[in-house]
Amino acid sequence: MKTINRILAAAAVASLVIISDSCKKDDGDVTPPVISLEEPEEGDEIAIGGDHGMHFECDFSDNVALASYKIDIHYNDGEYAHEHSKAENLFSFQKTYTDIAGKKNAHVHQHDVVIPETAPEGKYHLMVYCTDEAGNETYIVRNIVLSHDAEEHDHDHEHDHDE
């Protein structure tokens, strides 16, 4: 009798695993979103301090629906470039935005990232991540330079907001 109960229990567990896996496969959305970062461009100098934030312009798209995007800026210069535990006093920025949730296409234009006067000059990575509603994620990396000598630009361009 114990053997039959063990066999039935094992069959029940196996059935749950198979059903669980088949539900995951039925989602169908395995395609990650697409990121097209217009600004900042590779190698751009970004002004430290000042009244205006970094100019960020980007298009996101997905075959089903977007969920969020994240901007991550971290130091990438010299001895502490990727030893983040040793780079505690260096500038970093990380923020997730959900204003694109539910859209298939979104154009983002913002000046939300302000580089504080205390940020050290140098080379940084700008990473942009995008996640869709199914949990698929993609990212891109740009090398930027933070500088006290960088010019703040007035950007004369249209503000498009696609949905």
# chains A, B, ... in the order shown; residues from 1 in each chain; ligands from 1

call {"tool": "residues_around", "arguments": {"residues": "Val64 (chain A)", "least_positions_apart": "4", "cutoff": "9 Å", "atoms": "only C-alpha atoms", "output": "short mmCIF file (atom, residue, chain, number, x, y, z; two decimals) with N, CA and C atoms, in the first residue's frame"}}
result
data_model
loop_
_atom_site.label_atom_id
_atom_site.label_comp_id
_atom_site.auth_asym_id
_atom_site.auth_seq_id
_atom_site.Cartn_x
_atom_site.Cartn_y
_atom_site.Cartn_z
N ASP A 29 5.47 35.11 -25.27
CA ASP A 29 6.33 36.27 -25.45
C ASP A 29 7.72 35.98 -24.90
N THR A 31 10.33 37.38 -26.76
CA THR A 31 11.09 38.39 -27.49
C THR A 31 11.38 39.57 -26.58
N PRO A 33 12.43 43.41 -25.45
CA PRO A 33 12.15 44.72 -26.03
C PRO A 33 13.37 45.27 -26.78
N GLY A 102 2.61 49.10 -20.44
CA GLY A 102 1.42 48.82 -21.25
C GLY A 102 1.50 49.28 -22.69
N LYS A 103 2.50 50.08 -23.03
CA LYS A 103 2.64 50.58 -24.40
C LYS A 103 3.50 49.62 -25.22
N LYS A 104 3.25 49.58 -26.52
CA LYS A 104 4.11 48.81 -27.41
C LYS A 104 5.31 49.64 -27.87
N ASP A 132 9.97 44.03 -20.58
CA ASP A 132 8.58 43.99 -21.06
C ASP A 132 7.71 43.30 -20.01
N GLU A 133 6.41 43.28 -20.27
CA GLU A 133 5.47 42.73 -19.29
C GLU A 133 5.66 41.24 -19.04
N ALA A 134 6.29 40.53 -19.98
CA ALA A 134 6.55 39.10 -19.81
C ALA A 134 7.83 38.84 -19.00
#

call {"tool": "select_by_dssp", "arguments": {"residues": "region 41-162 of chain A", "states": "strand (DSSP E or B)", "output": "PyMOL selection string"}}
result
chain A and resi 45-47+54-61+66-75+92-97+105-113+122-132+137-147

call {"tool": "closest_residue", "arguments": {"among": "A:Cys130, A:Tyr124, A:Thr98, A:Ser147", "to": "Asp59 (chain A)", "atoms": "only C-alpha atoms"}}
result
A:Cys130

call {"tool": "closest_residue", "arguments": {"among": "A:Asn76, A:Ser68, A:Gln110, A:Ser36", "to": "Met54 (chain A)", "atoms": "only C-alpha atoms"}}
result
A:Gln110

call {"tool": "atom_distance", "arguments": {"atom1": "CA of Cys58 (chain A)", "atom2": "CA of Leu146 (chain A)"}}
result
19.8 Å
